[in-house]
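J.: Please see the structure below; I have some questions.
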2 protein chains.
Amino acid sequence: MIVALAGGVGGAKLADGLYRALPAHQLTVIVNTADDLDLFGLRICPDLDTVMYTLAGIANPLTGWGIRDDSFAALEMLGRYGRPTWFRLGDRDLATHVARTERLQAGVPLTAVTAELVAALGIRATLLPMSDAPVATRVQTPAGTLDFQDYFVRRHQAETVTGVVFDGIERARPPAAALRALEEAEAIIICPSNPIVSIGPILAVPGLRDAVARHPGPRVAVSPIVAGRALRGPADRMLESLGHEVSAYGVAALYQGLIDGMVIDEADAALARRIEGLGMQVLVAPTVMNDPDDRTALAVRVLAFCQQIRQEAR
Amino acid sequence: MIVALAGGVGGAKLADGLYRALPAHQLTVIVNTADDLDLFGLRICPDLDTVMYTLAGIANPLTGWGIRDDSFAALEMLGRYGRPTWFRLGDRDLATHVARTERLQAGVPLTAVTAELVAALGIRATLLPMSDAPVATRVQTPAGTLDFQDYFVRRHQAETVTGVVFDGIERARPPAAALRALEEAEAIIICPSNPIVSIGPILAVPGLRDAVARHPGPRVAVSPIVAGRALRGPADRMLESLGHEVSAYGVAALYQGLIDGMVIDEADAALARRIEGLGMQVLVAPTVMNDPDDRTALAVRVLAFCQQIRQEAR
């Protein structure tokens with residue numbers, strides 16, 4: 001069984017590749033929930049939904065988030081009622097939030113609610129939130145401290161991030177299933193998600209970082225930074241404003257002590273030696289996933305890299 | 001100022017006619033909320049919504065309920081999540097329930113929430129729920145006691161109704177605005193809604209029946225039964241199974257002591273003398289409203305009838 005840690009769109013793509021490359025029920029994805037928000041009285045879990053829709057094959061291929069061919073009739077009507085419409089909730093997507101919120105309000109934990117939704121969509125993998133308790137990422141910027149989705153969606157990541165806080169993280173606990181999966185995992189794969197605000201919160205949940213740190217490996221991360229740029233989102237700008245090197249090396253340095261191997265893009269081959277200096281092996285491979293076949297191809301390479309690390313360790 | 005009491009589609013049509021016939025802000029509609037239900041964790045007020053959508057000019061003209069040209073993407077997705085889909089919630093309609101539920105959960109009373117939605121849709125009339133506290137109609141049938149929407153929508157009114165209960169009615173109180181409106185009303189008009197399960201609950205709210213009973217008039221009801229049949233819905237079958245005469249006379253008898261005038265269809269002209277015997281005046285008029293012009297025409301006739309009763313009383 002393989003455990004992947006993932007945030008939103010980029011992480012979901014590799015998770016999807018792993019899902020296609022592995023036998024059914026052999027993948028567990030632990031997903032960031034620090035981006036979650038309440039909107040219109042509904043609980044929205046953007047990263048969980050992106051991974052879920054992607055694995056279910058219903059994700060919007062144009063945006064990476066939301067549902068393919070979704071309509072926006074409800075959102076337009078909510079706008080008539082004076083509600084904010086900057087968070088683009090499609091009608092089918094809204095149904096997910098309605099269904100989730102109904103169950104959460106009935107007292108069902110997010111882990112169990114997620115399992116219900118995942119089963120209903122026919123996904124034969126396990127998706128786990130990083131915690132059942134809510135955690136809220138807030139970013140410090142010159143414009144003040146902002147809720148994550150305010151910064152990320154409404155303000156289009158225009159502000160410079162000078163600090164990141166995960167509100168509620170000290171009260172969060174990893175789901176028992178997540179700790180069990182990490183303990184039993186043949187390999188742990190950190191997907192190419194933002195290391196600060198996607199993977200960062202997962203590893204900040206008390207107990208989760210330790211569970212990864214004490215795993216015997218192989219533990220492999222895939223860099224979301226290629227040729228000094230984030231493939232999508234603000235990871236590159238965040239790394240820079242928070243004082244990290246904006247490169248696959250900078251990402252590897254953040255994961256030092258937690259991983260045995262780093263997967264970097266062919267464009268970054270020149271960084272391999274420096275990253276090896278951090279005490280990890282390096283796989284140079286094409287990491288840009290433009291279509292579903294790219295996802296599976298990268299997953300196969302990553303799984304083979306894990307296998308190679310495991311054999312060398314014997 | 002005119003006060004109308006209304007239930008769903010039939011009542012909404014005459015309320016709309018009154019809205020078009022009267023100057024802005026001269027109409028208050030007190031609406032049945034005993035049909036309300038919780039579905040998917042959302043509070044749905046079918047009669048309030050039908051009146052609201054009708055007065056806003058966005059009602060579905062084919063069904064009378066729901067919103068014109070609405071789509072059903074969210075409901076289809078909720079079905080994928082294993083939720084029941086027999087209550088046909090369109091995407092735009094769903095937005096109303098999401099917006100309402102958000103505000104109710106914030107502690108805002110239904111009266112105030114309704115005023116917000118009505119204002120957002122540009123309606124220049126007052127819509128009031130019969131009470132802020134929830135009331136739930138249950139019908140007794142040979143198949144057992146059924147929730148109203150189970151009987152009405154899911155089972156297509158196929159069961160014989162042997163009794164009707166308004167759960168919670170003893171704890172319900174009329175909104176202060178409803179009592180004030182009834183006190184100040186120049187006339188009270190009971191719309192052609194089901195006298196048992198639409199107008200019945202309104203008059204059963206403690207204090208509301210008395211407020212109508214002590215009004216000096218004119219108070220006029222329009223029969224929802226034409227030529228021995230309900231224009232829509234189960235009013236005719238309900239009247240019969242509950243031991244009432246299935247006619248405009250049977251309806252007038254239910255309102256005896258509360259109204260000064262009864263409006264019956266031309267098809268029922270022969271009943272006029274008997275109804276006058278109940279101590280009320282009778283207007284014979286075309287009461288079937290097939291299009292918006294019919295609504296206004298009937299409203300004008302009803303308002304003139306009120307005027308005539310008022311002048312005769314002087």
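How things are named: the first chain in the structure tokens is A, the next is B, and so on; residues count from 1 in each chain; ligands count from 1 in the order shown.
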For the helix (DSSP H, G or I) assignment from backbone DSSP, which residues of stretch 4-49 of chain A qualify? Please present them as a list in words.
T.: Val9, Gly10, Gly11, Ala12, Lys13, Leu14, Ala15, Asp16, Gly17, Leu18, Tyr19, Arg20, Ala21, Pro46, Asp47, Leu48 and Asp49 of chain A
J.: Would you mind exporting N, CA and C atoms of the selected residues as a PDB file, in the first residue's frame?
T.:
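The resulting file, out-v4.pdb, is reproduced below:
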```pdb
ATOM      1  N   VAL A   9      -4.512  20.938  -7.097  1.00  0.00           N
ATOM      2  CA  VAL A   9      -4.498  20.465  -8.478  1.00  0.00           C
ATOM      3  C   VAL A   9      -3.239  19.658  -8.833  1.00  0.00           C
ATOM      4  N   GLY A  10      -2.052  20.191  -8.540  1.00  0.00           N
ATOM      5  CA  GLY A  10      -0.820  19.477  -8.895  1.00  0.00           C
ATOM      6  C   GLY A  10      -0.709  18.150  -8.167  1.00  0.00           C
ATOM      7  N   GLY A  11      -1.014  18.170  -6.878  1.00  0.00           N
ATOM      8  CA  GLY A  11      -0.978  16.944  -6.095  1.00  0.00           C
ATOM      9  C   GLY A  11      -1.996  15.936  -6.587  1.00  0.00           C
ATOM     10  N   ALA A  12      -3.171  16.443  -6.955  1.00  0.00           N
ATOM     11  CA  ALA A  12      -4.233  15.552  -7.430  1.00  0.00           C
ATOM     12  C   ALA A  12      -3.817  14.832  -8.705  1.00  0.00           C
ATOM     13  N   LYS A  13      -3.049  15.517  -9.556  1.00  0.00           N
ATOM     14  CA  LYS A  13      -2.626  14.886 -10.819  1.00  0.00           C
ATOM     15  C   LYS A  13      -1.735  13.680 -10.555  1.00  0.00           C
ATOM     16  N   LEU A  14      -0.746  13.840  -9.658  1.00  0.00           N
ATOM     17  CA  LEU A  14       0.119  12.691  -9.374  1.00  0.00           C
ATOM     18  C   LEU A  14      -0.656  11.616  -8.614  1.00  0.00           C
ATOM     19  N   ALA A  15      -1.534  12.038  -7.704  1.00  0.00           N
ATOM     20  CA  ALA A  15      -2.365  11.053  -6.994  1.00  0.00           C
ATOM     21  C   ALA A  15      -3.172  10.242  -8.005  1.00  0.00           C
ATOM     22  N   ASP A  16      -3.669  10.922  -9.035  1.00  0.00           N
ATOM     23  CA  ASP A  16      -4.431  10.234 -10.077  1.00  0.00           C
ATOM     24  C   ASP A  16      -3.541   9.260 -10.847  1.00  0.00           C
ATOM     25  N   GLY A  17      -2.302   9.685 -11.136  1.00  0.00           N
ATOM     26  CA  GLY A  17      -1.355   8.779 -11.799  1.00  0.00           C
ATOM     27  C   GLY A  17      -1.088   7.545 -10.954  1.00  0.00           C
ATOM     28  N   LEU A  18      -0.894   7.743  -9.666  1.00  0.00           N
ATOM     29  CA  LEU A  18      -0.661   6.611  -8.754  1.00  0.00           C
ATOM     30  C   LEU A  18      -1.891   5.705  -8.719  1.00  0.00           C
ATOM     31  N   TYR A  19      -3.067   6.323  -8.699  1.00  0.00           N
ATOM     32  CA  TYR A  19      -4.322   5.559  -8.667  1.00  0.00           C
ATOM     33  C   TYR A  19      -4.446   4.682  -9.916  1.00  0.00           C
ATOM     34  N   ARG A  20      -4.040   5.226 -11.060  1.00  0.00           N
ATOM     35  CA  ARG A  20      -4.115   4.461 -12.307  1.00  0.00           C
ATOM     36  C   ARG A  20      -3.012   3.406 -12.383  1.00  0.00           C
ATOM     37  N   ALA A  21      -1.853   3.698 -11.757  1.00  0.00           N
ATOM     38  CA  ALA A  21      -0.704   2.794 -11.868  1.00  0.00           C
ATOM     39  C   ALA A  21      -0.768   1.634 -10.869  1.00  0.00           C
ATOM     40  N   PRO A  46     -11.680  22.385  -0.563  1.00  0.00           N
ATOM     41  CA  PRO A  46     -11.232  22.472  -1.960  1.00  0.00           C
ATOM     42  C   PRO A  46     -10.233  21.376  -2.345  1.00  0.00           C
ATOM     43  N   ASP A  47      -9.248  21.088  -1.476  1.00  0.00           N
ATOM     44  CA  ASP A  47      -8.233  20.116  -1.871  1.00  0.00           C
ATOM     45  C   ASP A  47      -8.794  18.692  -1.879  1.00  0.00           C
ATOM     46  N   LEU A  48      -9.564  18.359  -0.851  1.00  0.00           N
ATOM     47  CA  LEU A  48     -10.212  17.037  -0.841  1.00  0.00           C
ATOM     48  C   LEU A  48     -11.071  16.867  -2.097  1.00  0.00           C
ATOM     49  N   ASP A  49     -11.811  17.912  -2.450  1.00  0.00           N
ATOM     50  CA  ASP A  49     -12.699  17.814  -3.609  1.00  0.00           C
ATOM     51  C   ASP A  49     -11.906  17.690  -4.895  1.00  0.00           C
TER      52      ASP A  49
END
```
J.: Can you pull out the residues contacting B:Gly200? Cut-off 12 Å, using only C-alpha atoms, and skip same-chain residues under 6 positions away; I want them as a ChimeraX atom specification.
T.: /B:5-7,31-35,130,137,164-166,169,190-191,193-194,206,208-209,235,251,254-255
J.: Can I get the selected residues back with N, CA and C atoms, as a short mmCIF file (atom, residue, chain, number, x, y, z; two decimals), in the first residue's frame?
T.:
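Once written, result_24.cif looks like this:
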```
data_model
loop_
_atom_site.label_atom_id
_atom_site.label_comp_id
_atom_site.auth_asym_id
_atom_site.auth_seq_id
_atom_site.Cartn_x
_atom_site.Cartn_y
_atom_site.Cartn_z
N LEU B 5 -54.29 35.80 2.45
CA LEU B 5 -53.79 34.55 3.04
C LEU B 5 -53.62 33.57 1.88
N ALA B 6 -52.46 32.94 1.81
CA ALA B 6 -52.22 32.09 0.64
C ALA B 6 -51.41 30.86 0.99
N GLY B 7 -51.63 29.81 0.20
CA GLY B 7 -50.79 28.62 0.25
C GLY B 7 -49.89 28.62 -0.97
N VAL B 31 -48.40 33.67 4.45
CA VAL B 31 -48.26 32.41 3.69
C VAL B 31 -48.14 31.21 4.63
N ASN B 32 -48.75 30.13 4.24
CA ASN B 32 -48.65 28.85 4.94
C ASN B 32 -47.20 28.37 4.98
N THR B 33 -46.75 27.96 6.17
CA THR B 33 -45.42 27.37 6.26
C THR B 33 -45.47 25.96 6.87
N ALA B 34 -46.69 25.42 6.98
CA ALA B 34 -46.79 24.08 7.58
C ALA B 34 -46.35 22.98 6.60
N ASP B 35 -46.15 23.36 5.32
CA ASP B 35 -45.61 22.41 4.32
C ASP B 35 -44.10 22.38 4.34
N MET B 130 -46.57 32.42 8.21
CA MET B 130 -47.63 32.42 9.24
C MET B 130 -47.05 32.38 10.64
N THR B 137 -47.27 19.91 8.92
CA THR B 137 -48.50 19.19 8.62
C THR B 137 -48.21 17.71 8.44
N VAL B 164 -55.86 15.31 9.63
CA VAL B 164 -54.75 16.24 9.40
C VAL B 164 -54.30 16.79 10.75
N VAL B 165 -52.99 16.79 10.98
CA VAL B 165 -52.43 17.31 12.23
C VAL B 165 -51.39 18.36 11.88
N PHE B 166 -51.39 19.46 12.61
CA PHE B 166 -50.35 20.49 12.42
C PHE B 166 -49.41 20.42 13.60
N ILE B 169 -48.18 23.40 16.16
CA ILE B 169 -49.01 24.60 15.97
C ILE B 169 -49.27 25.33 17.30
N ILE B 190 -58.91 35.70 1.31
CA ILE B 190 -58.41 34.33 1.42
C ILE B 190 -58.31 33.78 0.00
N CYS B 191 -57.09 33.50 -0.42
CA CYS B 191 -56.84 33.08 -1.80
C CYS B 191 -57.39 31.68 -2.06
N SER B 193 -56.70 28.68 -2.18
CA SER B 193 -55.77 27.64 -1.77
C SER B 193 -56.55 26.56 -1.04
N ASN B 194 -55.93 25.42 -0.85
CA ASN B 194 -56.56 24.30 -0.16
C ASN B 194 -57.01 24.73 1.24
N PRO B 206 -52.23 30.09 16.75
CA PRO B 206 -52.93 30.78 17.83
C PRO B 206 -52.90 32.30 17.65
N LEU B 208 -54.23 33.97 15.06
CA LEU B 208 -54.49 34.41 13.68
C LEU B 208 -55.97 34.32 13.32
N ARG B 209 -56.58 33.20 13.69
CA ARG B 209 -58.02 33.06 13.40
C ARG B 209 -58.81 34.18 14.09
N ALA B 235 -57.40 19.07 -2.93
CA ALA B 235 -58.40 19.67 -2.04
C ALA B 235 -59.75 18.97 -2.16
N VAL B 251 -66.53 24.82 0.88
CA VAL B 251 -65.43 25.70 1.27
C VAL B 251 -65.98 26.88 2.07
N LEU B 254 -66.67 26.10 5.59
CA LEU B 254 -65.46 26.04 6.44
C LEU B 254 -65.05 27.43 6.93
N TYR B 255 -65.35 28.44 6.14
CA TYR B 255 -64.95 29.81 6.48
C TYR B 255 -66.08 30.59 7.16
#
```
J.: I'd like the neighbourhood of B:Glu170 as an NGL selection string, where a residue qualifies if any of its atoms comes within 10 Å (using only C-alpha atoms), though same-chain residues fewer than 6 positions away should be ignored.
T.: :B and (135 or 204-206)
J.: May I have the residues within 7 Å of stretch 183-187 of chain B as a list of chain:residue names, using only C-alpha atoms and disregarding those fewer than 2 positions away in the same chain?
T.: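 Counting only the stated atoms, we get B:Met1, B:Ile2, B:Val3, B:Leu179, B:Arg180, B:Ala181, B:Ile189, B:His215, B:Gly217, B:Pro218, B:Arg219, B:Cys306.
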J.: Keeping only N, CA and C atoms, write those residues as a tab-separated table (two decimals), in the first residue's frame.
T.:
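Generated output (selection.tsv):
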```tsv
chain	number	residue	atom	x	y	z
B	1	MET	N	-54.32	49.17	2.65
B	1	MET	CA	-53.48	47.98	2.57
B	1	MET	C	-54.35	46.72	2.62
B	2	ILE	N	-54.02	45.78	1.75
B	2	ILE	CA	-54.79	44.55	1.63
B	2	ILE	C	-53.96	43.39	2.17
B	3	VAL	N	-54.59	42.51	2.93
B	3	VAL	CA	-53.90	41.30	3.39
B	3	VAL	C	-54.51	40.10	2.69
B	179	LEU	N	-50.02	40.26	12.62
B	179	LEU	CA	-51.15	40.75	13.43
B	179	LEU	C	-51.42	42.23	13.15
B	180	ARG	N	-50.32	42.99	12.99
B	180	ARG	CA	-50.47	44.42	12.70
B	180	ARG	C	-51.14	44.61	11.33
B	181	ALA	N	-50.68	43.82	10.36
B	181	ALA	CA	-51.25	43.95	9.02
B	181	ALA	C	-52.73	43.60	9.02
B	189	ILE	N	-58.26	38.97	2.11
B	189	ILE	CA	-58.67	38.08	1.02
B	189	ILE	C	-58.05	36.71	1.23
B	215	HIS	N	-61.88	41.14	12.66
B	215	HIS	CA	-61.73	42.21	11.65
B	215	HIS	C	-63.11	42.65	11.19
B	217	GLY	N	-64.11	43.65	8.44
B	217	GLY	CA	-64.40	43.35	7.05
B	217	GLY	C	-64.12	44.55	6.16
B	218	PRO	N	-64.23	44.38	4.89
B	218	PRO	CA	-64.64	43.14	4.21
B	218	PRO	C	-63.56	42.06	4.24
B	219	ARG	N	-64.03	40.83	4.39
B	219	ARG	CA	-63.16	39.65	4.32
B	219	ARG	C	-63.78	38.70	3.31
B	306	CYS	N	-64.95	43.61	-2.56
B	306	CYS	CA	-64.63	44.11	-1.21
B	306	CYS	C	-65.18	45.52	-1.03
```
J.: Please check the contacts: residues of chain A at most 7 Å away from chain B, using only C-alpha atoms, listed as a ChimeraX atom specification.
T.: /A:40-41,73-74,77-78,80-81,91-92,94-95,98-99,102,117,120
J.: Name the residues of stretch 100-130 of chain A that fall into strand (DSSP E or B) according to DSSP on the backbone, using the chain letters and numbers of this document, as a PDB file with C-alpha atoms, in the first residue's frame.
T.:
```
ATOM      1  CA  THR A 126      -8.787   5.867   0.305  1.00  0.00           C
ATOM      2  CA  LEU A 127      -8.924   9.643   0.692  1.00  0.00           C
ATOM      3  CA  LEU A 128      -8.251  10.964   4.164  1.00  0.00           C
ATOM      4  CA  PRO A 129      -8.386  14.525   5.422  1.00  0.00           C
TER       5      PRO A 129
END
```
J.: Could you pull the residues within 12 Å of stretch 142-147 of chain A, counting only C-alpha atoms, minus those fewer than 2 positions along the same chain, as a ChimeraX atom specification?
T.: /A:34-38,135-140,149-155,157-167,241
J.: Print the selection's residues with N, CA and C atoms to a file, as a PDB file, in the first residue's frame.
T.:
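Listed below is the output, part01.pdb:
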```pdb
ATOM      1  N   ALA A  34      -6.384  22.484   5.353  1.00  0.00           N
ATOM      2  CA  ALA A  34      -6.221  23.812   5.962  1.00  0.00           C
ATOM      3  C   ALA A  34      -6.735  24.919   5.034  1.00  0.00           C
ATOM      4  N   ASP A  35      -7.049  24.565   3.770  1.00  0.00           N
ATOM      5  CA  ASP A  35      -7.660  25.524   2.839  1.00  0.00           C
ATOM      6  C   ASP A  35      -9.172  25.561   2.980  1.00  0.00           C
ATOM      7  N   ASP A  36      -9.730  24.688   3.809  1.00  0.00           N
ATOM      8  CA  ASP A  36     -11.192  24.561   3.883  1.00  0.00           C
ATOM      9  C   ASP A  36     -11.826  25.862   4.351  1.00  0.00           C
ATOM     10  N   LEU A  37     -13.056  26.045   3.940  1.00  0.00           N
ATOM     11  CA  LEU A  37     -13.755  27.287   4.315  1.00  0.00           C
ATOM     12  C   LEU A  37     -15.242  27.028   4.449  1.00  0.00           C
ATOM     13  N   ASP A  38     -15.902  27.934   5.161  1.00  0.00           N
ATOM     14  CA  ASP A  38     -17.362  27.937   5.252  1.00  0.00           C
ATOM     15  C   ASP A  38     -17.870  29.055   4.353  1.00  0.00           C
ATOM     16  N   VAL A 135      -8.804  23.225  10.504  1.00  0.00           N
ATOM     17  CA  VAL A 135      -7.574  24.020  10.585  1.00  0.00           C
ATOM     18  C   VAL A 135      -7.733  25.095   9.505  1.00  0.00           C
ATOM     19  N   ALA A 136      -7.281  26.311   9.789  1.00  0.00           N
ATOM     20  CA  ALA A 136      -7.457  27.389   8.808  1.00  0.00           C
ATOM     21  C   ALA A 136      -6.130  28.095   8.540  1.00  0.00           C
ATOM     22  N   THR A 137      -5.629  27.949   7.329  1.00  0.00           N
ATOM     23  CA  THR A 137      -4.426  28.671   6.939  1.00  0.00           C
ATOM     24  C   THR A 137      -4.738  30.157   6.815  1.00  0.00           C
ATOM     25  N   ARG A 138      -3.895  30.978   7.435  1.00  0.00           N
ATOM     26  CA  ARG A 138      -3.983  32.427   7.223  1.00  0.00           C
ATOM     27  C   ARG A 138      -2.604  32.904   6.806  1.00  0.00           C
ATOM     28  N   VAL A 139      -2.578  33.794   5.830  1.00  0.00           N
ATOM     29  CA  VAL A 139      -1.289  34.286   5.363  1.00  0.00           C
ATOM     30  C   VAL A 139      -1.112  35.733   5.796  1.00  0.00           C
ATOM     31  N   GLN A 140       0.104  36.014   6.278  1.00  0.00           N
ATOM     32  CA  GLN A 140       0.432  37.381   6.668  1.00  0.00           C
ATOM     33  C   GLN A 140       0.992  38.096   5.440  1.00  0.00           C
ATOM     34  N   GLN A 149      -8.379  31.510   1.352  1.00  0.00           N
ATOM     35  CA  GLN A 149      -9.099  31.617   0.070  1.00  0.00           C
ATOM     36  C   GLN A 149      -9.291  33.079  -0.341  1.00  0.00           C
ATOM     37  N   ASP A 150      -9.294  33.976   0.637  1.00  0.00           N
ATOM     38  CA  ASP A 150      -9.336  35.404   0.320  1.00  0.00           C
ATOM     39  C   ASP A 150      -8.061  35.771  -0.457  1.00  0.00           C
ATOM     40  N   TYR A 151      -6.916  35.330   0.100  1.00  0.00           N
ATOM     41  CA  TYR A 151      -5.630  35.546  -0.580  1.00  0.00           C
ATOM     42  C   TYR A 151      -5.568  34.802  -1.912  1.00  0.00           C
ATOM     43  N   PHE A 152      -5.979  33.536  -1.908  1.00  0.00           N
ATOM     44  CA  PHE A 152      -5.708  32.634  -3.026  1.00  0.00           C
ATOM     45  C   PHE A 152      -6.659  32.863  -4.200  1.00  0.00           C
ATOM     46  N   VAL A 153      -7.952  32.971  -3.890  1.00  0.00           N
ATOM     47  CA  VAL A 153      -8.955  33.067  -4.958  1.00  0.00           C
ATOM     48  C   VAL A 153      -9.380  34.519  -5.174  1.00  0.00           C
ATOM     49  N   ARG A 154      -9.832  35.164  -4.089  1.00  0.00           N
ATOM     50  CA  ARG A 154     -10.431  36.483  -4.281  1.00  0.00           C
ATOM     51  C   ARG A 154      -9.397  37.516  -4.716  1.00  0.00           C
ATOM     52  N   ARG A 155      -8.181  37.473  -4.108  1.00  0.00           N
ATOM     53  CA  ARG A 155      -7.153  38.462  -4.432  1.00  0.00           C
ATOM     54  C   ARG A 155      -6.128  37.934  -5.425  1.00  0.00           C
ATOM     55  N   GLN A 157      -3.798  35.888  -5.317  1.00  0.00           N
ATOM     56  CA  GLN A 157      -2.443  35.737  -4.793  1.00  0.00           C
ATOM     57  C   GLN A 157      -1.558  36.960  -5.076  1.00  0.00           C
ATOM     58  N   ALA A 158      -2.208  38.118  -5.130  1.00  0.00           N
ATOM     59  CA  ALA A 158      -1.469  39.320  -5.498  1.00  0.00           C
ATOM     60  C   ALA A 158      -0.598  39.856  -4.354  1.00  0.00           C
ATOM     61  N   GLU A 159      -0.929  39.503  -3.108  1.00  0.00           N
ATOM     62  CA  GLU A 159      -0.172  40.022  -1.973  1.00  0.00           C
ATOM     63  C   GLU A 159       1.097  39.198  -1.729  1.00  0.00           C
ATOM     64  N   THR A 160       2.115  39.836  -1.187  1.00  0.00           N
ATOM     65  CA  THR A 160       3.355  39.145  -0.813  1.00  0.00           C
ATOM     66  C   THR A 160       3.167  38.475   0.538  1.00  0.00           C
ATOM     67  N   VAL A 161       3.453  37.175   0.594  1.00  0.00           N
ATOM     68  CA  VAL A 161       3.258  36.425   1.841  1.00  0.00           C
ATOM     69  C   VAL A 161       4.519  36.524   2.690  1.00  0.00           C
ATOM     70  N   THR A 162       4.364  37.099   3.870  1.00  0.00           N
ATOM     71  CA  THR A 162       5.513  37.247   4.770  1.00  0.00           C
ATOM     72  C   THR A 162       5.457  36.269   5.941  1.00  0.00           C
ATOM     73  N   GLY A 163       4.369  35.554   6.039  1.00  0.00           N
ATOM     74  CA  GLY A 163       4.240  34.553   7.101  1.00  0.00           C
ATOM     75  C   GLY A 163       3.000  33.719   6.870  1.00  0.00           C
ATOM     76  N   VAL A 164       3.002  32.523   7.439  1.00  0.00           N
ATOM     77  CA  VAL A 164       1.865  31.608   7.277  1.00  0.00           C
ATOM     78  C   VAL A 164       1.535  31.035   8.651  1.00  0.00           C
ATOM     79  N   VAL A 165       0.251  31.029   8.988  1.00  0.00           N
ATOM     80  CA  VAL A 165      -0.208  30.486  10.264  1.00  0.00           C
ATOM     81  C   VAL A 165      -1.281  29.447   9.978  1.00  0.00           C
ATOM     82  N   PHE A 166      -1.222  28.312  10.691  1.00  0.00           N
ATOM     83  CA  PHE A 166      -2.268  27.296  10.555  1.00  0.00           C
ATOM     84  C   PHE A 166      -3.118  27.331  11.819  1.00  0.00           C
ATOM     85  N   ASP A 167      -4.180  28.127  11.770  1.00  0.00           N
ATOM     86  CA  ASP A 167      -5.039  28.307  12.941  1.00  0.00           C
ATOM     87  C   ASP A 167      -5.715  26.998  13.340  1.00  0.00           C
ATOM     88  N   SER A 241       9.464  34.880  -0.851  1.00  0.00           N
ATOM     89  CA  SER A 241       9.176  35.889   0.183  1.00  0.00           C
ATOM     90  C   SER A 241       9.393  35.341   1.588  1.00  0.00           C
TER      91      SER A 241
END
```
J.: Between atom CA of A:His156 and atom CA of A:Thr287, what is the spacing in Å?
T.: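 That distance, rounded to one decimal, is 25.2 Å.
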J.: Expressed in Å to a single decimal, how great is the separation between atom CA of A:Met52 and atom CA of A:Ser198?
T.: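 Atom-to-atom, atom CA of A:Met52 to atom CA of A:Ser198, that is 15.8 Å.
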J.: Mind giving me the straight-line distance from atom CA of B:Ala24 to atom CA of B:Asp294 in Å, one decimal?
T.: 19.6 Å
J.: Show me, as a list of chain:residue names, the residues that have an atom within 8 Å of B:Tyr53 when counting only C-alpha atoms, minus same-chain residues fewer than 3 positions from it.
T.: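 Near B:Tyr53, the qualifying residues are B:Asp49, B:Thr50, B:Ala56, B:Gly57, B:Ile58, B:Ala59, B:Trp65, B:Gly66, B:Ile67.
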J.: Save out the residues we just selected, N, CA and C atoms, as a PDB file, in the first residue's frame.
T.:
```pdb
ATOM      1  N   ASP B  49     -41.892  30.128  -1.144  1.00  0.00           N
ATOM      2  CA  ASP B  49     -41.106  30.267  -2.366  1.00  0.00           C
ATOM      3  C   ASP B  49     -41.990  30.414  -3.591  1.00  0.00           C
ATOM      4  N   THR B  50     -43.086  29.655  -3.616  1.00  0.00           N
ATOM      5  CA  THR B  50     -43.984  29.744  -4.767  1.00  0.00           C
ATOM      6  C   THR B  50     -44.567  31.154  -4.870  1.00  0.00           C
ATOM      7  N   ALA B  56     -42.166  37.698  -8.082  1.00  0.00           N
ATOM      8  CA  ALA B  56     -40.934  38.190  -8.703  1.00  0.00           C
ATOM      9  C   ALA B  56     -40.945  37.982 -10.222  1.00  0.00           C
ATOM     10  N   GLY B  57     -41.947  37.240 -10.712  1.00  0.00           N
ATOM     11  CA  GLY B  57     -42.021  36.998 -12.156  1.00  0.00           C
ATOM     12  C   GLY B  57     -41.028  35.962 -12.648  1.00  0.00           C
ATOM     13  N   ILE B  58     -40.538  35.125 -11.749  1.00  0.00           N
ATOM     14  CA  ILE B  58     -39.554  34.112 -12.161  1.00  0.00           C
ATOM     15  C   ILE B  58     -40.066  32.689 -11.930  1.00  0.00           C
ATOM     16  N   ALA B  59     -41.344  32.558 -11.603  1.00  0.00           N
ATOM     17  CA  ALA B  59     -41.888  31.209 -11.375  1.00  0.00           C
ATOM     18  C   ALA B  59     -41.920  30.425 -12.682  1.00  0.00           C
ATOM     19  N   TRP B  65     -44.636  25.954  -9.569  1.00  0.00           N
ATOM     20  CA  TRP B  65     -43.627  25.984  -8.498  1.00  0.00           C
ATOM     21  C   TRP B  65     -42.240  25.951  -9.141  1.00  0.00           C
ATOM     22  N   GLY B  66     -41.232  26.300  -8.340  1.00  0.00           N
ATOM     23  CA  GLY B  66     -39.869  26.315  -8.882  1.00  0.00           C
ATOM     24  C   GLY B  66     -39.652  27.532  -9.765  1.00  0.00           C
ATOM     25  N   ILE B  67     -38.448  27.609 -10.333  1.00  0.00           N
ATOM     26  CA  ILE B  67     -38.042  28.792 -11.093  1.00  0.00           C
ATOM     27  C   ILE B  67     -37.983  28.458 -12.580  1.00  0.00           C
TER      28      ILE B  67
END
```
